[in-house]
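K.L.:
Data file start-v8.cif (mmCIF, C-alpha atoms and all ligand atoms) is appended below.
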```cif
data_start
#
loop_
_atom_site.group_PDB
_atom_site.id
_atom_site.type_symbol
_atom_site.label_atom_id
_atom_site.label_comp_id
_atom_site.auth_asym_id
_atom_site.auth_seq_id
_atom_site.Cartn_x
_atom_site.Cartn_y
_atom_site.Cartn_z
ATOM 1 C CA MET A 1348 -7.335 -11.390 -16.788
ATOM 2 C CA GLN A 1349 -3.852 -12.678 -17.649
ATOM 3 C CA GLN A 1350 -4.212 -11.352 -21.194
ATOM 4 C CA ASN A 1351 -5.074 -7.883 -19.817
ATOM 5 C CA VAL A 1352 -2.087 -7.940 -17.496
ATOM 6 C CA GLN A 1353 0.236 -8.919 -20.325
ATOM 7 C CA GLU A 1354 -1.100 -6.081 -22.459
ATOM 8 C CA ALA A 1355 -0.534 -3.598 -19.627
ATOM 9 C CA ALA A 1356 3.008 -4.891 -19.067
ATOM 10 C CA GLU A 1357 3.863 -4.844 -22.763
ATOM 11 C CA PHE A 1358 2.629 -1.255 -23.042
ATOM 12 C CA ALA A 1359 4.652 -0.123 -20.012
ATOM 13 C CA ARG A 1360 7.820 -1.957 -21.091
ATOM 14 C CA ALA A 1361 7.713 -0.171 -24.432
ATOM 15 C CA ARG A 1362 7.639 3.153 -22.534
ATOM 16 C CA GLY A 1363 10.720 2.601 -20.412
ATOM 17 C CA PHE A 1364 9.362 0.352 -17.664
ATOM 18 C CA ASP A 1365 11.707 -2.443 -18.641
ATOM 19 C CA GLY A 1366 14.575 -4.188 -16.930
ATOM 20 C CA ARG A 1367 14.798 -5.298 -13.334
ATOM 21 C CA PHE A 1368 13.144 -3.645 -10.345
ATOM 22 C CA ASP A 1369 14.213 -4.221 -6.757
ATOM 23 C CA ALA A 1370 10.801 -3.359 -5.305
ATOM 24 C CA ALA A 1371 7.431 -1.799 -6.075
ATOM 25 C CA PHE A 1372 5.581 0.621 -3.784
ATOM 26 C CA VAL A 1373 1.950 1.691 -3.698
ATOM 27 C CA LEU A 1374 1.826 5.228 -2.284
ATOM 28 C CA GLY A 1375 -1.214 6.152 -0.224
ATOM 29 C CA THR A 1376 -2.995 9.440 0.370
ATOM 30 C CA GLY A 1377 -0.551 12.333 0.644
ATOM 31 C CA LEU A 1378 2.507 10.051 0.231
ATOM 32 C CA GLY A 1379 2.905 10.509 -3.526
ATOM 33 C CA PRO A 1380 5.766 13.043 -3.168
ATOM 34 C CA LEU A 1381 8.160 10.106 -2.696
ATOM 35 C CA VAL A 1382 8.324 10.153 -6.495
ATOM 36 C CA ASP A 1383 10.244 13.469 -6.286
ATOM 37 C CA GLU A 1384 13.117 11.571 -4.647
ATOM 38 C CA LEU A 1385 13.783 9.403 -7.711
ATOM 39 C CA SER A 1386 16.603 10.020 -10.115
ATOM 40 C CA ASP A 1387 16.000 9.381 -13.830
ATOM 41 C CA PRO A 1388 12.235 9.111 -13.374
ATOM 42 C CA VAL A 1389 9.961 7.812 -16.113
ATOM 43 C CA SER A 1390 6.239 8.266 -15.571
ATOM 44 C CA LEU A 1391 3.001 7.107 -17.119
ATOM 45 C CA PRO A 1392 -0.569 8.093 -16.123
ATOM 46 C CA TYR A 1393 -2.716 5.083 -15.187
ATOM 47 C CA ALA A 1394 -5.280 6.411 -17.663
ATOM 48 C CA GLU A 1395 -2.916 5.564 -20.541
ATOM 49 C CA ILE A 1396 -2.109 2.021 -19.421
ATOM 50 C CA PRO A 1397 -4.528 -0.564 -20.830
ATOM 51 C CA HIS A 1398 -6.791 -2.152 -18.210
ATOM 52 C CA PHE A 1399 -5.460 -0.036 -15.322
ATOM 53 C CA PRO A 1400 -8.040 1.375 -12.893
ATOM 54 C CA ARG A 1401 -8.601 5.115 -12.585
ATOM 55 C CA SER A 1402 -8.121 6.726 -9.190
ATOM 56 C CA GLY A 1403 -10.559 9.558 -8.627
ATOM 57 C CA VAL A 1404 -9.572 10.378 -5.044
ATOM 58 C CA SER A 1405 -7.943 13.721 -4.234
ATOM 59 C CA GLY A 1406 -4.461 13.220 -2.823
ATOM 60 C CA HIS A 1407 -3.861 10.459 -5.404
ATOM 61 C CA ALA A 1408 -2.165 11.401 -8.674
ATOM 62 C CA GLY A 1409 -2.843 8.162 -10.555
ATOM 63 C CA ARG A 1410 0.587 7.672 -12.132
ATOM 64 C CA LEU A 1411 3.130 4.936 -12.414
ATOM 65 C CA VAL A 1412 6.715 6.133 -11.924
ATOM 66 C CA ALA A 1413 9.960 4.204 -12.317
ATOM 67 C CA GLY A 1414 13.385 5.433 -11.271
ATOM 68 C CA THR A 1415 16.400 5.031 -9.039
ATOM 69 C CA LEU A 1416 16.413 5.460 -5.275
ATOM 70 C CA GLU A 1417 19.488 4.755 -3.128
ATOM 71 C CA GLY A 1418 21.034 3.003 -6.129
ATOM 72 C CA LYS A 1419 18.084 0.625 -6.495
ATOM 73 C CA ARG A 1420 15.484 0.545 -9.254
ATOM 74 C CA VAL A 1421 12.003 1.045 -7.912
ATOM 75 C CA LEU A 1422 8.503 1.141 -9.335
ATOM 76 C CA LEU A 1423 6.100 3.553 -7.632
ATOM 77 C CA PHE A 1424 2.318 3.530 -7.922
ATOM 78 C CA GLN A 1425 1.353 7.090 -7.111
ATOM 79 C CA GLY A 1426 -2.209 6.490 -6.006
ATOM 80 C CA ARG A 1427 -4.494 3.480 -5.871
ATOM 81 C CA ALA A 1428 -8.019 2.454 -6.704
ATOM 82 C CA HIS A 1429 -10.170 1.802 -3.632
ATOM 83 C CA TYR A 1430 -12.997 -0.649 -3.066
ATOM 84 C CA TYR A 1431 -15.288 2.249 -2.158
ATOM 85 C CA GLU A 1432 -14.865 3.846 -5.593
ATOM 86 C CA THR A 1433 -16.430 1.012 -7.577
ATOM 87 C CA GLY A 1434 -17.648 -1.618 -5.107
ATOM 88 C CA ASP A 1435 -15.037 -3.959 -6.573
ATOM 89 C CA ALA A 1436 -12.596 -5.183 -3.920
ATOM 90 C CA GLY A 1437 -10.443 -6.484 -6.797
ATOM 91 C CA ALA A 1438 -9.969 -2.971 -8.218
ATOM 92 C CA MET A 1439 -6.172 -3.269 -7.793
ATOM 93 C CA ARG A 1440 -5.919 -6.718 -9.348
ATOM 94 C CA VAL A 1441 -4.375 -5.615 -12.648
ATOM 95 C CA PRO A 1442 -1.722 -3.362 -11.017
ATOM 96 C CA VAL A 1443 -0.749 -6.076 -8.507
ATOM 97 C CA ALA A 1444 -0.601 -8.754 -11.221
ATOM 98 C CA PHE A 1445 1.376 -6.279 -13.338
ATOM 99 C CA VAL A 1446 4.048 -6.095 -10.612
ATOM 100 C CA LYS A 1447 4.368 -9.872 -10.795
ATOM 101 C CA GLU A 1448 4.368 -9.779 -14.604
ATOM 102 C CA LEU A 1449 7.305 -7.317 -14.610
ATOM 103 C CA GLY A 1450 9.230 -9.791 -12.475
ATOM 104 C CA VAL A 1451 9.237 -7.680 -9.308
ATOM 105 C CA SER A 1452 9.078 -9.867 -6.202
ATOM 106 C CA THR A 1453 8.620 -7.314 -3.406
ATOM 107 C CA LEU A 1454 5.572 -5.066 -2.997
ATOM 108 C CA VAL A 1455 5.427 -2.416 -0.267
ATOM 109 C CA LEU A 1456 1.996 -0.955 0.410
ATOM 110 C CA THR A 1457 1.609 2.376 2.159
ATOM 111 C CA ASN A 1458 -1.425 4.234 3.410
ATOM 112 C CA ALA A 1459 -2.783 6.959 5.621
ATOM 113 C CA ALA A 1460 -4.583 5.470 8.604
ATOM 114 C CA GLY A 1461 -6.420 6.406 11.754
ATOM 115 C CA SER A 1462 -5.024 5.260 15.096
ATOM 116 C CA VAL A 1463 -7.320 3.429 17.478
ATOM 117 C CA ARG A 1464 -4.631 3.553 20.175
ATOM 118 C CA PRO A 1465 -4.273 7.002 21.721
ATOM 119 C CA GLU A 1466 -0.563 6.406 22.439
ATOM 120 C CA ILE A 1467 0.078 6.072 18.674
ATOM 121 C CA ARG A 1468 -0.213 9.758 17.813
ATOM 122 C CA PRO A 1469 -0.919 11.443 14.474
ATOM 123 C CA GLY A 1470 2.328 11.840 12.553
ATOM 124 C CA SER A 1471 3.616 8.405 13.689
ATOM 125 C CA LEU A 1472 4.655 5.688 11.242
ATOM 126 C CA VAL A 1473 3.580 2.104 11.933
ATOM 127 C CA ALA A 1474 4.700 -1.151 10.283
ATOM 128 C CA ILE A 1475 1.683 -3.359 9.643
ATOM 129 C CA GLY A 1476 2.158 -6.840 11.087
ATOM 130 C CA ASP A 1477 -1.279 -8.319 10.407
ATOM 131 C CA HIS A 1478 -4.770 -7.235 9.443
ATOM 132 C CA LEU A 1479 -8.479 -7.540 10.154
ATOM 133 C CA ASN A 1480 -10.710 -7.614 7.101
ATOM 134 C CA LEU A 1481 -13.907 -6.008 8.410
ATOM 135 C CA SER A 1482 -15.168 -4.948 4.990
ATOM 136 C CA GLY A 1483 -17.266 -8.021 4.304
ATOM 137 C CA SER A 1484 -15.624 -8.266 0.908
ATOM 138 C CA ASN A 1485 -12.588 -9.891 -0.648
ATOM 139 C CA PRO A 1486 -10.700 -9.201 -3.899
ATOM 140 C CA LEU A 1487 -10.787 -12.901 -4.767
ATOM 141 C CA LEU A 1488 -14.587 -13.196 -4.830
ATOM 142 C CA ARG A 1489 -15.608 -14.818 -8.114
ATOM 143 C CA ASP A 1490 -12.087 -16.120 -8.744
ATOM 144 C CA HIS A 1491 -12.475 -19.794 -9.615
ATOM 145 C CA THR A 1492 -8.898 -21.012 -9.396
ATOM 146 C CA GLU A 1493 -7.513 -23.190 -6.611
ATOM 147 C CA GLY A 1494 -5.198 -20.300 -5.808
ATOM 148 C CA ARG A 1495 -8.097 -18.333 -4.298
ATOM 149 C CA PHE A 1496 -7.715 -20.245 -1.041
ATOM 150 C CA VAL A 1497 -4.615 -18.246 -0.309
ATOM 151 C CA SER A 1498 -3.038 -18.483 3.141
ATOM 152 C CA LEU A 1499 -2.674 -15.179 4.953
ATOM 153 C CA THR A 1500 -0.594 -16.529 7.798
ATOM 154 C CA GLY A 1501 2.645 -14.591 7.735
ATOM 155 C CA ALA A 1502 1.272 -12.409 4.914
ATOM 156 C CA TYR A 1503 3.428 -9.469 6.046
ATOM 157 C CA ASP A 1504 6.873 -10.860 5.271
ATOM 158 C CA GLU A 1505 9.060 -11.349 8.313
ATOM 159 C CA ASP A 1506 12.332 -10.489 6.551
ATOM 160 C CA LEU A 1507 10.865 -7.294 5.142
ATOM 161 C CA ARG A 1508 9.504 -6.355 8.571
ATOM 162 C CA ARG A 1509 12.964 -6.870 10.017
ATOM 163 C CA THR A 1510 14.398 -4.729 7.237
ATOM 164 C CA LEU A 1511 11.870 -1.979 8.027
ATOM 165 C CA GLN A 1512 12.910 -2.080 11.701
ATOM 166 C CA LYS A 1513 16.579 -1.934 10.761
ATOM 167 C CA ALA A 1514 15.906 1.029 8.488
ATOM 168 C CA ALA A 1515 13.942 2.781 11.233
ATOM 169 C CA GLY A 1516 16.806 2.147 13.666
ATOM 170 C CA LYS A 1517 19.305 3.680 11.240
ATOM 171 C CA ILE A 1518 17.350 6.938 11.053
ATOM 172 C CA GLY A 1519 16.477 6.964 14.774
ATOM 173 C CA LEU A 1520 12.769 6.451 14.196
ATOM 174 C CA GLU A 1521 10.457 4.510 16.430
ATOM 175 C CA LEU A 1522 8.392 2.133 14.276
ATOM 176 C CA PRO A 1523 5.767 0.272 16.285
ATOM 177 C CA GLU A 1524 4.040 -2.699 14.661
ATOM 178 C CA GLY A 1525 0.284 -2.809 14.451
ATOM 179 C CA VAL A 1526 -2.789 -4.636 13.200
ATOM 180 C CA TYR A 1527 -4.584 -2.728 10.425
ATOM 181 C CA ALA A 1528 -8.360 -3.028 10.255
ATOM 182 C CA TRP A 1529 -9.893 -2.556 6.810
ATOM 183 C CA LEU A 1530 -13.381 -1.055 6.736
ATOM 184 C CA SER A 1531 -14.868 -0.226 3.388
ATOM 185 C CA GLY A 1532 -15.395 3.522 3.731
ATOM 186 C CA PRO A 1533 -15.859 6.000 2.188
ATOM 187 C CA SER A 1534 -17.661 7.296 5.283
ATOM 188 C CA PHE A 1535 -15.407 7.378 8.303
ATOM 189 C CA GLU A 1536 -16.188 4.986 11.142
ATOM 190 C CA THR A 1537 -18.501 5.697 14.029
ATOM 191 C CA PRO A 1538 -17.064 5.893 17.556
ATOM 192 C CA ALA A 1539 -18.887 2.600 18.287
ATOM 193 C CA GLU A 1540 -17.153 0.938 15.313
ATOM 194 C CA ILE A 1541 -13.816 2.174 16.596
ATOM 195 C CA ARG A 1542 -14.543 0.697 20.052
ATOM 196 C CA MET A 1543 -15.321 -2.568 18.205
ATOM 197 C CA VAL A 1544 -11.966 -2.422 16.390
ATOM 198 C CA GLN A 1545 -10.204 -1.869 19.741
ATOM 199 C CA ILE A 1546 -11.952 -4.908 21.240
ATOM 200 C CA LEU A 1547 -11.078 -7.013 18.170
ATOM 201 C CA GLY A 1548 -7.387 -6.191 18.473
ATOM 202 C CA GLY A 1549 -6.930 -3.570 15.769
ATOM 203 C CA ASP A 1550 -4.399 -0.778 16.168
ATOM 204 C CA LEU A 1551 -5.078 1.145 12.964
ATOM 205 C CA VAL A 1552 -8.072 1.670 10.760
ATOM 206 C CA GLY A 1553 -8.234 2.460 7.065
ATOM 207 C CA MET A 1554 -9.984 1.993 3.742
ATOM 208 C CA SER A 1555 -7.315 0.340 1.589
ATOM 209 C CA THR A 1556 -4.256 -1.942 1.493
ATOM 210 C CA VAL A 1557 -5.845 -5.218 2.654
ATOM 211 C CA PRO A 1558 -7.236 -6.123 -0.799
ATOM 212 C CA GLU A 1559 -3.777 -5.475 -2.265
ATOM 213 C CA VAL A 1560 -2.148 -7.673 0.391
ATOM 214 C CA ILE A 1561 -4.544 -10.514 -0.430
ATOM 215 C CA LEU A 1562 -3.907 -10.115 -4.171
ATOM 216 C CA ALA A 1563 -0.155 -9.864 -3.679
ATOM 217 C CA ARG A 1564 -0.107 -13.102 -1.693
ATOM 218 C CA TYR A 1565 -2.275 -14.719 -4.375
ATOM 219 C CA TYR A 1566 0.412 -13.780 -6.920
ATOM 220 C CA GLY A 1567 3.213 -14.947 -4.610
ATOM 221 C CA LEU A 1568 4.727 -11.514 -3.960
ATOM 222 C CA ARG A 1569 6.548 -10.675 -0.750
ATOM 223 C CA VAL A 1570 4.599 -7.980 1.065
ATOM 224 C CA ALA A 1571 5.360 -5.235 3.556
ATOM 225 C CA ALA A 1572 3.073 -2.382 4.574
ATOM 226 C CA VAL A 1573 3.548 0.935 6.338
ATOM 227 C CA SER A 1574 0.894 3.300 7.671
ATOM 228 C CA VAL A 1575 1.260 6.981 8.296
ATOM 229 C CA VAL A 1576 -1.064 7.825 11.162
ATOM 230 C CA THR A 1577 -2.945 10.929 10.129
ATOM 231 C CA ASN A 1578 -5.487 11.143 12.949
ATOM 232 C CA LEU A 1579 -6.913 9.542 16.035
ATOM 233 C CA ALA A 1580 -9.851 7.368 14.969
ATOM 234 C CA ALA A 1581 -13.437 8.523 15.457
ATOM 235 C CA GLY A 1582 -14.396 9.253 19.042
ATOM 236 C CA ILE A 1583 -10.894 8.911 20.506
ATOM 237 C CA GLU A 1584 -10.271 12.086 22.496
ATOM 238 C CA GLY A 1585 -13.352 13.393 20.662
ATOM 239 C CA ALA A 1586 -11.834 12.898 17.180
ATOM 240 C CA SER A 1587 -13.984 13.403 14.084
ATOM 241 C CA PRO A 1588 -11.672 12.576 11.141
ATOM 242 C CA SER A 1589 -11.844 14.292 7.767
ATOM 243 C CA HIS A 1590 -10.232 13.706 4.381
ATOM 244 C CA GLN A 1591 -8.614 17.152 4.569
ATOM 245 C CA GLU A 1592 -6.986 16.279 7.912
ATOM 246 C CA THR A 1593 -5.793 12.982 6.390
ATOM 247 C CA LYS A 1594 -4.139 14.768 3.468
ATOM 248 C CA ASP A 1595 -2.648 17.568 5.604
ATOM 249 C CA THR A 1596 -1.137 15.273 8.250
ATOM 250 C CA ALA A 1597 0.192 12.809 5.654
ATOM 251 C CA ALA A 1598 1.912 15.747 3.926
ATOM 252 C CA GLU A 1599 3.414 16.871 7.265
ATOM 253 C CA ALA A 1600 4.739 13.362 7.964
ATOM 254 C CA SER A 1601 5.988 12.885 4.429
ATOM 255 C CA ASP A 1602 9.632 13.829 5.191
ATOM 256 C CA LYS A 1603 9.794 11.171 7.884
ATOM 257 C CA PHE A 1604 8.115 8.719 5.528
ATOM 258 C CA LYS A 1605 10.598 9.473 2.737
ATOM 259 C CA ARG A 1606 13.551 8.954 5.108
ATOM 260 C CA LEU A 1607 12.184 5.588 6.226
ATOM 261 C CA ILE A 1608 11.580 4.397 2.677
ATOM 262 C CA ARG A 1609 15.031 5.570 1.556
ATOM 263 C CA ALA A 1610 16.700 3.739 4.443
ATOM 264 C CA PHE A 1611 14.574 0.649 3.715
ATOM 265 C CA VAL A 1612 15.479 0.639 0.025
ATOM 266 C CA ALA A 1613 19.158 1.095 0.898
ATOM 267 C CA GLU A 1614 18.920 -2.091 3.006
ATOM 268 C CA LEU A 1615 17.051 -4.108 0.388
ATOM 269 C CA SER A 1616 19.928 -6.010 -1.166
ATOM 270 C CA HIS A 1617 20.570 -7.579 2.223
ATOM 271 C CA VAL A 1618 17.097 -9.179 2.332
HETATM 272 N N1 LIG B 1701 -10.491 5.886 9.228
HETATM 273 C C1 LIG B 1701 -10.444 5.282 8.025
HETATM 274 N N2 LIG B 1701 -9.532 5.578 7.107
HETATM 275 C C2 LIG B 1701 -8.630 6.514 7.399
HETATM 276 C C3 LIG B 1701 -8.623 7.187 8.630
HETATM 277 C C4 LIG B 1701 -9.614 6.847 9.596
HETATM 278 O O1 LIG B 1701 -9.676 7.402 10.709
HETATM 279 N N3 LIG B 1701 -7.591 8.066 8.597
HETATM 280 C C5 LIG B 1701 -6.996 7.920 7.382
HETATM 281 N N4 LIG B 1701 -7.617 6.979 6.654
#
```
Take the structure from the file and write it as structure tokens.
Ligand code: HPA

P.N.:
Amino acid sequence: MQQNVQEAAEFARARGFDGRFDAAFVLGTGLGPLVDELSDPVSLPYAEIPHFPRSGVSGHAGRLVAGTLEGKRVLLFQGRAHYYETGDAGAMRVPVAFVKELGVSTLVLTNAAGSVRPEIRPGSLVAIGDHLNLSGSNPLLRDHTEGRFVSLTGAYDEDLRRTLQKAAGKIGLELPEGVYAWLSGPSFETPAEIRMVQILGGDLVGMSTVPEVILARYYGLRVAAVSVVTNLAAGIEGASPSHQETKDTAAEASDKFKRLIRAFVAELSHV
């Protein structure tokens, strides 16, 4: 594993992904256009990077992009590999380890999610404060190091959450915090499953992010996560989510998302 990660990092460094980065971001469905905000961008398709996963999901470009945003150097993963694509919850292990290998200490995960709370409407942004892993899987299965017993208490870094709130305040955006429930997908949930998530204390539901959080904590990265609510979850007010709706609503909310991320990055040196 470590050998693969070093090969990936060496390859990327030789193509301009060198030097210091202030933060890395994984961009979820429909949120890839953040890359258009970068100055001096350098990009590399995942398909060219040794040992990187392929993302076959529409709404995910599958590119790594480096550049400058608000005077900071950032690394953007435009698209991710999902558990439901391969059955491997560790599908994002190489990219997450790669972040660590490049010496980046902060990883911000973003996603499109369904809301299980009717008052959190589609188009809202939510800072993830904790999660429920309802997938039955874990990216550290079959890892045999002592590090696999990673603590997930305080996994969503308190300083970064404060920075997100400060950034939201600066742009006049309400940013509720919520618990994200990970279900494997790719089918959407049933209304009964959504009632279960409500009873268990979830606020959002989605098919990604949690494996990356677990891996990032395993590698000692500081983690923050932001959801763009693209729909009410199945059965709420009669909702029947679709991938098209997810992509369309994420695209509509993408200006708000870009403003939040810009304001967050501008605040980063104060963390
Ligand atoms: N469920 C699961 N994943 C999602 C949803 C949803 O309702 N919306 C966007 N991603």

K.L.:
Using all atoms listed in the file, which of A:Leu1562, A:Val1473, A:Ala1428, A:Ala1528 sits nearest ligand LIG 1701 (chain B)?

P.N.:
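Answer, going by the shortest atom-to-atom distance: A:Ala1528.
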
K.L.:
Translate the PyMOL selection byres (((chain A and resi 1558) around 8) and not hetatm) into a concrete residue list for this structure, as a short mmCIF file (atom, residue, chain, number, x, y, z; two decimals) with C-alpha atoms, in the frame of the given file.

P.N.:
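Done, and the output landed in result-v1.cif:
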```cif
data_model
loop_
_atom_site.label_atom_id
_atom_site.label_comp_id
_atom_site.auth_asym_id
_atom_site.auth_seq_id
_atom_site.Cartn_x
_atom_site.Cartn_y
_atom_site.Cartn_z
CA ALA A 1436 -12.60 -5.18 -3.92
CA GLY A 1437 -10.44 -6.48 -6.80
CA MET A 1439 -6.17 -3.27 -7.79
CA ASN A 1485 -12.59 -9.89 -0.65
CA PRO A 1486 -10.70 -9.20 -3.90
CA SER A 1555 -7.32 0.34 1.59
CA THR A 1556 -4.26 -1.94 1.49
CA VAL A 1557 -5.84 -5.22 2.65
CA GLU A 1559 -3.78 -5.48 -2.26
CA VAL A 1560 -2.15 -7.67 0.39
CA ILE A 1561 -4.54 -10.51 -0.43
CA LEU A 1562 -3.91 -10.12 -4.17
#
```

K.L.:
Carefully work through the PyMOL selection byres (((chain A and resi 1397) around 10) and not hetatm) for this structure and note down the residues it includes, as an MDAnalysis selection string.

P.N.:
chainID A and resid 1351:1359 1393:1396 1398:1400 1441

K.L.:
Pick from A:Arg1569, A:Lys1513, A:His1491, A:Arg1362: nearest to A:Leu1456, with all atoms listed in the file counted?

P.N.:
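Nearest candidate to A:Leu1456 out of A:Arg1569, A:Lys1513, A:His1491, A:Arg1362: A:Arg1569.
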
K.L.:
Residues picked by the PyMOL selection byres (((not hetatm)) within 9 of (chain B and resi 1701)) here, as a ChimeraX atom specification?

P.N.:
/A:1376,1458-1463,1528-1536,1541,1551-1555,1575-1581,1586-1590,1592-1594,1597

K.L.:
Please provide the set of residues having any atom within 10 Å of A:Leu1378, restricted to only C-alpha atoms, with same-chain residues fewer than 5 positions apart removed, written as a short mmCIF file (atom, residue, chain, number, x, y, z; two decimals) with C-alpha atoms, in the frame of the given file.

P.N.:
```cif
data_model
loop_
_atom_site.label_atom_id
_atom_site.label_comp_id
_atom_site.auth_asym_id
_atom_site.auth_seq_id
_atom_site.Cartn_x
_atom_site.Cartn_y
_atom_site.Cartn_z
CA VAL A 1373 1.95 1.69 -3.70
CA GLY A 1406 -4.46 13.22 -2.82
CA HIS A 1407 -3.86 10.46 -5.40
CA GLN A 1425 1.35 7.09 -7.11
CA GLY A 1426 -2.21 6.49 -6.01
CA THR A 1457 1.61 2.38 2.16
CA ASN A 1458 -1.42 4.23 3.41
CA ALA A 1459 -2.78 6.96 5.62
CA VAL A 1575 1.26 6.98 8.30
CA LYS A 1594 -4.14 14.77 3.47
CA ALA A 1597 0.19 12.81 5.65
CA ALA A 1598 1.91 15.75 3.93
CA GLU A 1599 3.41 16.87 7.26
CA ALA A 1600 4.74 13.36 7.96
CA SER A 1601 5.99 12.88 4.43
CA ASP A 1602 9.63 13.83 5.19
CA PHE A 1604 8.12 8.72 5.53
CA LYS A 1605 10.60 9.47 2.74
#
```

K.L.:
Distance atom CA of A:Gly1582-atom CA of A:Gly1548, one decimal place?

P.N.:
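Distance between the two atoms: 17.0 Å.
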
K.L.:
When you look at A:Asp1504 with a cut-off of 10 Å (counting only C-alpha atoms), what residues show up, excluding the ones that are within fewer than 4 positions of it in the same chain? I need them as a PDB file with C-alpha atoms, in the coordinates of the input.

P.N.:
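The resulting out06.pdb:
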```
ATOM      1  CA  THR A1453       8.620  -7.314  -3.406  1.00  0.00           C
ATOM      2  CA  GLY A1476       2.158  -6.840  11.087  1.00  0.00           C
ATOM      3  CA  ASP A1477      -1.279  -8.319  10.407  1.00  0.00           C
ATOM      4  CA  THR A1500      -0.594 -16.529   7.798  1.00  0.00           C
ATOM      5  CA  ARG A1508       9.504  -6.355   8.571  1.00  0.00           C
ATOM      6  CA  ARG A1509      12.964  -6.870  10.017  1.00  0.00           C
ATOM      7  CA  THR A1510      14.398  -4.729   7.237  1.00  0.00           C
ATOM      8  CA  LEU A1568       4.727 -11.514  -3.960  1.00  0.00           C
ATOM      9  CA  ARG A1569       6.548 -10.675  -0.750  1.00  0.00           C
ATOM     10  CA  VAL A1570       4.599  -7.980   1.065  1.00  0.00           C
ATOM     11  CA  ALA A1571       5.360  -5.235   3.556  1.00  0.00           C
ATOM     12  CA  ALA A1572       3.073  -2.382   4.574  1.00  0.00           C
TER      13      ALA A1572
END
```

K.L.:
To one decimal place in Å, what is the distance between atom CA of A:Val1382 and atom CA of A:Phe1424?

P.N.:
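We find that atom CA of A:Val1382 and atom CA of A:Phe1424 lie 9.1 Å from each other.
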
K.L.:
Pick out the closest residue to A:Tyr1566 from this set: A:Val1412, A:Leu1391, A:Leu1472, A:Ala1502. Count all atoms listed in the file.

P.N.:
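Under the stated criterion, the closest residue is A:Ala1502.
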
K.L.:
Measuring between all atoms listed in the file, which one of A:Met1543, A:Leu1385, A:Val1404, A:Leu1520 shows the shortest distance to A:Gly1418?

P.N.:
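Of the candidates, the smallest distance to A:Gly1418 is held by A:Leu1385.
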
K.L.:
One number please: atom CA of A:Val1451 to atom CA of A:Arg1609, in Å, one decimal.

P.N.:
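These two atoms are separated by 18.1 Å.
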